[in-house]
Amino acid sequence: MKWTFFHRMSSPKWFYDFSGKCLPWVGVLALGCIATGLTWGLLFTPPDYLQGNSYRIIFLHVPSASLAMTVYVGLAITAGIGYIWKIKLADMAVSCLAPIGASFCALALITGSIWGKPTWGTWWVWDARLTSMLILLFLYLGLVALREAFDSKETASRACAILAMVGLVNIPIIKFSVDWWNTLHQGATIKMTERPSMALEMLVPLLVSIAGFYLFCLFVFLLRLRAEIISREQRTSWVRSLLGAKS
Amino acid sequence: MYFDSIYELLTMGGHGPYVWAAYGIGLSVLVWNLFTPIFQGRKTADAIRRNARREQLRHEQLQREGR
């Protein structure tokens, strides 16, 4: 019973129809959460007692850094599934996730750097957290470039899947870098096992912003994947009739 | 609002340029993510329709020539 669901889900046509139904809901929720979280964080929270107003960058920095890592884990798992079971849709998803992840990873690095200047007095240090995050950006860019380097879609798909799975080793290094090494970067603000080290009036807008970024990521991922499905399935009759292109 | 005046909101006690630059870049990343797939999708759809029309014309031409 469960397996037939997976099988159906991996059909590009089924996924195109299904995602079309979810898209407006995800979009509206994402927009609402991001607008609320960022406006709340920017205008209605008190300044930090130590860092002053510069800490307001957290409402962008933490969601984008968290997304950059989560997207990579999702990408690597999808790549593994696509590699083992040769699912076309999984490879399409991998090709769509790489540029999205790269953009959020770059945003995390840039906002971190801007935050670092007034807080640490420097734009950049070769600290474990910052360096491992930079490697993550290179992995994402590598995935985008590697796909372009092959003429055959199948070879490109296999090469990208292997790179994605090998690169997964970097994720725990990023996550635990602040515990394993004595870094300039501060420790985790929100932990699964402990109470957050943040006042509630700052924590709530941060959580709203994180939810908004995750929903936004899902929204643009669906948009990208739908465009990719149309592009790769353009020879099929359902895409032709969908676009009103008679053959 | 936490800030007393627009001036305070913009300067944020000296941290204004950092905070606003970060939010500006953040917004542009969101906009880029939103518009890239929309334009890409439109470009692909147009190309598919164009190809289909070309095929159709070629087919009609062959029929006229009696081949």
# chains A, B, ... in the order shown; residues from 1 in each chain; ligands from 1
$ interface_residues --of "chain B" --to "chain A" --cutoff "8 Å" --atoms "only C-alpha atoms" --output "VMD selection string"
chain B and resid 1 to 3 9 12 to 13 15 to 16 18 to 19 21 to 23 25 to 26 29 33 to 34 37 to 38 40 to 41 44 to 45 48 to 49 52 to 53 55 to 56
$ residues_around --residues "Pro172 in chain A" --least-positions-apart "5" --cutoff "10 Å" --atoms "only C-alpha atoms" --output "JSON, numbers by chain"
{"A": [69, 132, 177]}
$ write_last_selection --atoms "N, CA, C and O atoms" --output "tab-separated table (two decimals), in the first residue's frame"
chain	number	residue	atom	x	y	z
A	69	MET	N	21.86	24.07	5.43
A	69	MET	CA	22.24	22.72	5.88
A	69	MET	C	21.13	21.72	5.63
A	69	MET	O	21.37	20.61	5.16
A	132	SER	N	33.83	25.78	7.38
A	132	SER	CA	33.03	24.62	6.95
A	132	SER	C	31.79	25.07	6.19
A	132	SER	O	31.34	24.40	5.27
A	177	SER	N	30.87	22.11	14.79
A	177	SER	CA	32.12	22.88	14.80
A	177	SER	C	32.22	23.78	16.02
A	177	SER	O	33.31	23.95	16.59
$ atom_distance --atom1 "CA of Leu139 in chain A" --atom2 "CA of Ile173 in chain A"
13.9 Å
$ decode --residues "range 86-101 of chain A" --atoms "all heavy atoms" --output "compact mmCIF listing (two decimals), in the first residue's frame"
# COMPACT_ATOMS: atom_id res chain seq x y z
N LYS A 86 17.18 4.73 -9.55
CA LYS A 86 17.12 5.37 -10.88
C LYS A 86 15.77 6.07 -11.12
O LYS A 86 15.06 5.79 -12.09
CB LYS A 86 17.35 4.34 -12.00
CG LYS A 86 18.60 3.51 -11.84
CD LYS A 86 19.49 3.65 -13.05
CE LYS A 86 20.81 2.93 -12.89
NZ LYS A 86 21.61 3.40 -11.75
N ILE A 87 15.43 6.97 -10.21
CA ILE A 87 14.17 7.71 -10.34
C ILE A 87 14.47 9.07 -10.98
O ILE A 87 15.28 9.85 -10.46
CB ILE A 87 13.50 7.89 -8.95
CG1 ILE A 87 13.15 6.52 -8.38
CG2 ILE A 87 12.25 8.76 -9.05
CD1 ILE A 87 12.75 6.55 -6.93
N LYS A 88 13.81 9.32 -12.10
CA LYS A 88 14.05 10.54 -12.87
C LYS A 88 13.71 11.79 -12.05
O LYS A 88 14.45 12.77 -12.04
CB LYS A 88 13.15 10.48 -14.12
CG LYS A 88 13.79 11.06 -15.33
CD LYS A 88 13.05 10.73 -16.63
CE LYS A 88 11.58 10.40 -16.49
NZ LYS A 88 10.86 10.28 -17.76
N LEU A 89 12.57 11.72 -11.36
CA LEU A 89 12.10 12.88 -10.60
C LEU A 89 13.09 13.26 -9.49
O LEU A 89 13.28 14.45 -9.18
CB LEU A 89 10.72 12.60 -10.00
CG LEU A 89 10.01 13.79 -9.37
CD1 LEU A 89 9.68 14.85 -10.42
CD2 LEU A 89 8.73 13.35 -8.67
N ALA A 90 13.76 12.24 -8.89
CA ALA A 90 14.73 12.51 -7.83
C ALA A 90 15.90 13.33 -8.39
O ALA A 90 16.37 14.28 -7.76
CB ALA A 90 15.23 11.20 -7.23
N ASP A 91 16.35 12.97 -9.60
CA ASP A 91 17.45 13.72 -10.20
C ASP A 91 17.02 15.14 -10.53
O ASP A 91 17.79 16.10 -10.35
CB ASP A 91 17.96 13.01 -11.45
CG ASP A 91 19.10 13.78 -12.08
OD1 ASP A 91 20.06 14.09 -11.34
OD2 ASP A 91 19.03 14.09 -13.28
N MET A 92 15.79 15.29 -10.99
CA MET A 92 15.29 16.65 -11.26
C MET A 92 15.30 17.47 -9.97
O MET A 92 15.68 18.63 -9.96
CB MET A 92 13.85 16.59 -11.79
CG MET A 92 13.69 15.94 -13.14
SD MET A 92 11.97 16.13 -13.66
CE MET A 92 11.81 14.79 -14.82
N ALA A 93 14.86 16.84 -8.86
CA ALA A 93 14.81 17.53 -7.57
C ALA A 93 16.21 17.96 -7.14
O ALA A 93 16.41 19.09 -6.67
CB ALA A 93 14.18 16.64 -6.51
N VAL A 94 17.20 17.07 -7.35
CA VAL A 94 18.58 17.40 -6.97
C VAL A 94 19.06 18.62 -7.75
O VAL A 94 19.65 19.55 -7.20
CB VAL A 94 19.52 16.18 -7.21
CG1 VAL A 94 20.97 16.58 -7.06
CG2 VAL A 94 19.18 15.07 -6.24
N SER A 95 18.76 18.63 -9.05
CA SER A 95 19.22 19.75 -9.89
C SER A 95 18.53 21.05 -9.48
O SER A 95 19.10 22.13 -9.66
CB SER A 95 19.00 19.44 -11.36
OG SER A 95 17.65 19.61 -11.70
N CYS A 96 17.32 20.98 -8.93
CA CYS A 96 16.62 22.19 -8.51
C CYS A 96 17.06 22.67 -7.13
O CYS A 96 17.06 23.87 -6.85
CB CYS A 96 15.11 21.95 -8.47
SG CYS A 96 14.42 21.63 -10.07
N LEU A 97 17.43 21.71 -6.26
CA LEU A 97 17.79 22.08 -4.88
C LEU A 97 19.15 22.77 -4.80
O LEU A 97 19.36 23.62 -3.94
CB LEU A 97 17.79 20.83 -3.99
CG LEU A 97 16.42 20.33 -3.54
CD1 LEU A 97 16.56 18.98 -2.85
CD2 LEU A 97 15.75 21.32 -2.61
N ALA A 98 20.08 22.39 -5.71
CA ALA A 98 21.44 22.92 -5.61
C ALA A 98 21.50 24.46 -5.69
O ALA A 98 22.09 25.08 -4.81
CB ALA A 98 22.34 22.27 -6.65
N PRO A 99 20.90 25.11 -6.71
CA PRO A 99 21.00 26.58 -6.73
C PRO A 99 20.26 27.25 -5.56
O PRO A 99 20.72 28.30 -5.08
CB PRO A 99 20.36 26.97 -8.08
CG PRO A 99 19.64 25.79 -8.56
CD PRO A 99 20.24 24.59 -7.92
N ILE A 100 19.16 26.65 -5.10
CA ILE A 100 18.43 27.24 -3.96
C ILE A 100 19.32 27.18 -2.71
O ILE A 100 19.50 28.17 -2.01
CB ILE A 100 17.10 26.48 -3.70
CG1 ILE A 100 16.19 26.56 -4.92
CG2 ILE A 100 16.40 27.04 -2.47
CD1 ILE A 100 14.92 25.74 -4.81
N GLY A 101 19.88 26.00 -2.46
CA GLY A 101 20.77 25.83 -1.30
C GLY A 101 21.95 26.77 -1.38
O GLY A 101 22.34 27.38 -0.38
